[in-house]
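Below is one structure; the comments refer to it alone.
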Amino acid sequence: MIDQAVKKLSPVELQAKFDLDENEAQLIHTASGGWAPFAGAAVAAVQTTGRSLDELLGSAGLADFIVSQTTDDFSLPLSPSDQHALEVLSLLDGFDEGVAQVVFEVAAEHWMEPTWADVPTVLLRLQISGAVTVGPEESPWLVPLLIAAWARKRLVQEGLEGVSAAVERSLAEAFTAQLELASTPDSLLVDNALVLARRARAWELLDRIFLACGYSLFYRYHRSSVAAFAQLPAPALRTVPELEEVTTVATMVQEALLDAGPHSGANMNEWLREQVARLTAPGALRREYGPVDDTVGHSPGRTVPGDAGASSRFHTVMSEMAHLGAAGQHHEAAEAGAGWVSSGVVRRPRRIVRLHASIHSVLACEPGRALALLRSIEDEVKEDNVAGDFLGPAVMAWTALAAYLAGDHERADAMIVEFARLDVPPFVQEQSFRPAALVVEAYRSLDKLDLSAVEETMGRMRDYPEMGDLRYHVPIIERVLSQLVARSRSALLRSEESIDMHANGAGVTGGAAEMLVASRISMLISLGQLHRAEVLLETLSGISGVSQVLFARSELVAWRNDAAIRIAETQYYENHVDTRDRAELTGIKAAALLRVGDREAAYLAFLDLLELSVLLGTVLPIVRLPLVERQELLRMSAEEPIWHKIAEVLAPSSHSASRGSFDSESLTACMDKLSSLGEAVVGLVDFPMLGRREMTLLEKLDQGASVAEIARDLLLVQGTVKNNLSSLYQKLGVNGRDAAVTRARVLGYLGASGV
């Protein structure tokens, strides 16, 4: 037997013996543990293959080749039990005592050896023999690369390849299960799970690891994750189709790493995060790689057997939700996700399903259920948030939007603050939350009349490539904005023509479609086209708070003040009316009371409106009042102390909530802003009620028919037609047919191009 101690060399001795530079000597010493036979084989391999030391010592496969060139008389002074312990540890990417304990327990189930009970003693013996090394403080233990290759070679020579493969698979399963339990798995656990799963070709385990960690794997654990997922073979993608996008991203990251050269430490992590964010941005894979299936988890028609693993069931429910959502069945999609229960304790898949179920609830106009689903995961997502991952920001953004749509503006604002704290790009899969964040940001900026912020956010929404099912909010917000800033009726009309053209392509259904219709009705009322507004109002299904507000506003603009007051009072306490609708109804009531001469009741109603506006954190119900009545009510209430709270709503960063900071200058600025917006909105229309015969006459006039032609078509004498036209002109307040047609268009009795 050769004396192995003689053949173990220091880096300096290796440098002298093999004529190496300092870096080469250190690299070989790390890989060989200092054993001269392995060092010599590595140097010889450089000469015979023409490859660099970095390349040869960069993978287990090439290390196996190097060791295969050595003689078989090398051995270490180890007992059979310790030799098998080394062979098991050689399967790992690094270890500490805890990992070694797991490894020995798993291996003992397959090896015909007693359990390695005293792990520290086993590791100490292996270290003394030169079989394992321990790095600097907090670094893991390692079996040097070439020693590990030698140990695997011994397994083959002993005829234990089958046992080794079974141990690898069992270890991969054990580490994956531990990883799924951990809120923040350490790198040893992740690295070993990935290396073993890839080596064992356990594709379903790779899928579970990805589901447990997400794309953050590639910048948090890049040393093992990129190689594990890059260039997955066809059998892997047949087994788990959902890995196609993952392997595409990993392969592209691997190529970027090779092109970019070395990075170090935190710089490497940040650079990789930027790469992964770029590759998972909207449409990125289609731009970079041509057509690919980037709908992970959404394979059409996917079914799995009842005993399938948790990851397969996850993909199935995600696929079901995606297909229901694509068909506009968001309520059913939310039901599918809310009813899914994750088996075991795997955290991330459950959170993702809950998030998607809540998104579909928002899209189904059921924000209350969305909030309930999001509350169930909010705290744990905050606790486990990973920089750059989409899950934390997505929960905050969708909670903010759901709370806003549910009328809980205080919670919406709190979530906007939480989101801003997490909103530190770059993000992986940013499209999962950015549209929701932009929509709620635009709405809350409107509420505070921060119109420059609304314009800026609207620009981002128009430019964002994947607003998806939330795109219908763009025309809704644009309509409110144009009603506030338009300086003339013609400008408001031109704005609506442009908005309506784009809104018609939104392609939404259900509650979203009704929200679009409601915004259109509001614009028609603002233009004074009450007949068309009332026709559209009849198309809204059921009774809702929004529809009642629109009915009341239409009555107010038509000078039917008693009817407006009656609607406001009878609907105020109905369950379908939320706090925001109550504020709108209260403002309409105040304006109507002022018109009928009850100034005291109008004043009190307006104070109620101010209180509700403070509660909601919005002044929109105030500026939606007709301009003349709004200015008078502002003047009447100017001395009320509540105005310092209204000013805080308008400019929260400029005022303290304390009374002392509210001065006359602030009051003047507040009043000026509230009394100047919406000047183009029609506040009053002398709205004639036309019968069916009069509507028919208008249509004939619009077609250019003469009196004789009208009489012929309606089977009337010409004198009767002339009398009916005279009555029609009187109702419309005009003197002739051209003026009658123009007036009818303004009132909405006749259609106008684009509106």
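Ordering of the structure tokens sets the chain letters (A, B, ...); residue numbers start at 1 within each chain; ligands are numbered from 1 in the order shown.
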Enumerate, in order of chain and increasing residue number, the residues of stretch 130-207 of chain A with an atom no farther than 12 Å from stretch 368-388 of chain A, each with its shortest atom pair and distance in Å to one decimal, counting only C-alpha atoms, as CSV.
residue,atom,partner,partner_atom,distance
A:Ala182,CA,A:Asp384,CA,10.0
A:Ser183,CA,A:Asp384,CA,6.2
A:Thr184,CA,A:Asp384,CA,7.1
A:Pro185,CA,A:Asp384,CA,10.8
> What are the DSSP alpha helix (DSSP H) residues of stretch 414-558 of chain A, as a ChimeraX atom specification?
Replying inline: /A:414-422,434-447,451-463,473-485,489-503,510-526,530-537,545-557
Selection near A:Arg125, 12 Å with only C-alpha atoms, sequence-local residues under 3 positions removed, as a JSON list (two decimals) with C-alpha atoms, in the first residue's frame:
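The result, stored in out-v1.json:
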[["chain", "number", "residue", "atom", "x", "y", "z"],
["A", 76, "LEU", "CA", -7.70, 6.46, 2.07],
["A", 77, "PRO", "CA", -7.28, 4.99, 5.55],
["A", 78, "LEU", "CA", -11.03, 4.57, 6.14],
["A", 79, "SER", "CA", -13.12, 1.81, 7.62],
["A", 81, "SER", "CA", -18.44, 2.32, 7.22],
["A", 82, "ASP", "CA", -16.53, 5.60, 6.86],
["A", 83, "GLN", "CA", -15.80, 4.80, 3.22],
["A", 85, "ALA", "CA", -20.13, 7.67, 4.57],
["A", 86, "LEU", "CA", -17.69, 9.43, 2.22],
["A", 118, "ASP", "CA", -22.30, 10.09, 15.86],
["A", 119, "VAL", "CA", -22.18, 12.52, 12.94],
["A", 120, "PRO", "CA", -19.53, 14.92, 14.36],
["A", 121, "THR", "CA", -17.16, 11.99, 15.02],
["A", 122, "VAL", "CA", -17.64, 10.56, 11.52],
["A", 128, "ILE", "CA", -8.32, 13.77, 9.58],
["A", 129, "SER", "CA", -8.00, 11.30, 6.73],
["A", 130, "GLY", "CA", -8.07, 14.14, 4.19],
["A", 131, "ALA", "CA", -11.38, 13.03, 2.67],
["A", 132, "VAL", "CA", -13.36, 16.17, 3.53],
["A", 133, "THR", "CA", -12.39, 19.76, 4.10]]
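In this model, the gap between atom CA of A:Ala400 and atom CA of A:Ala414 comes to 7.7 Å.
Within 9 Å of A:Tyr404, once only C-alpha atoms are used and residues closer than 4 positions along the same chain are dropped, the contacting residues are Pro367, Thr399, Ala400, Asp408, His409, Glu410, Arg411, Ala412, Asp413, Val440, Tyr443 and Arg444 of chain A.
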If you keep C-alpha atoms, can you produce a file of those selected residues as a JSON list (two decimals), in the first residue's frame?
[["chain", "number", "residue", "atom", "x", "y", "z"],
["A", 367, "PRO", "CA", -64.04, 43.04, -4.09],
["A", 399, "THR", "CA", -55.54, 44.49, -1.77],
["A", 400, "ALA", "CA", -55.36, 48.24, -2.36],
["A", 408, "ASP", "CA", -62.73, 51.07, 2.09],
["A", 409, "HIS", "CA", -60.49, 53.96, 1.12],
["A", 410, "GLU", "CA", -58.61, 53.99, 4.41],
["A", 411, "ARG", "CA", -57.45, 50.42, 3.87],
["A", 412, "ALA", "CA", -56.67, 51.19, 0.24],
["A", 413, "ASP", "CA", -54.40, 54.06, 1.32],
["A", 440, "VAL", "CA", -55.66, 52.35, -7.74],
["A", 443, "TYR", "CA", -58.24, 56.62, -8.74],
["A", 444, "ARG", "CA", -56.80, 57.93, -5.48]]
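The residue that comes closest to A:Ile567, out of A:Gln548, A:Gln26, A:Thr251, A:Ser164 and on the basis of only C-alpha atoms, is A:Gln548.
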>> Please list as a list in words every residue within 7 Å of A:Val614, counting only C-alpha atoms and excluding residues in the same chain fewer than 4 positions away.
In response: Leu610, Thr618, Lys645, Ile646 and Val649 of chain A
Same residues, C-alpha atoms, output as a PDB file, in the first residue's frame:
ATOM      1  CA  LEU A 610     -68.148  67.323   3.603  1.00  0.00           C
ATOM      2  CA  THR A 618     -62.098  62.146  -1.673  1.00  0.00           C
ATOM      3  CA  LYS A 645     -59.839  68.426   7.021  1.00  0.00           C
ATOM      4  CA  ILE A 646     -60.930  68.908   3.405  1.00  0.00           C
ATOM      5  CA  VAL A 649     -57.559  65.542   1.725  1.00  0.00           C
TER       6      VAL A 649
END
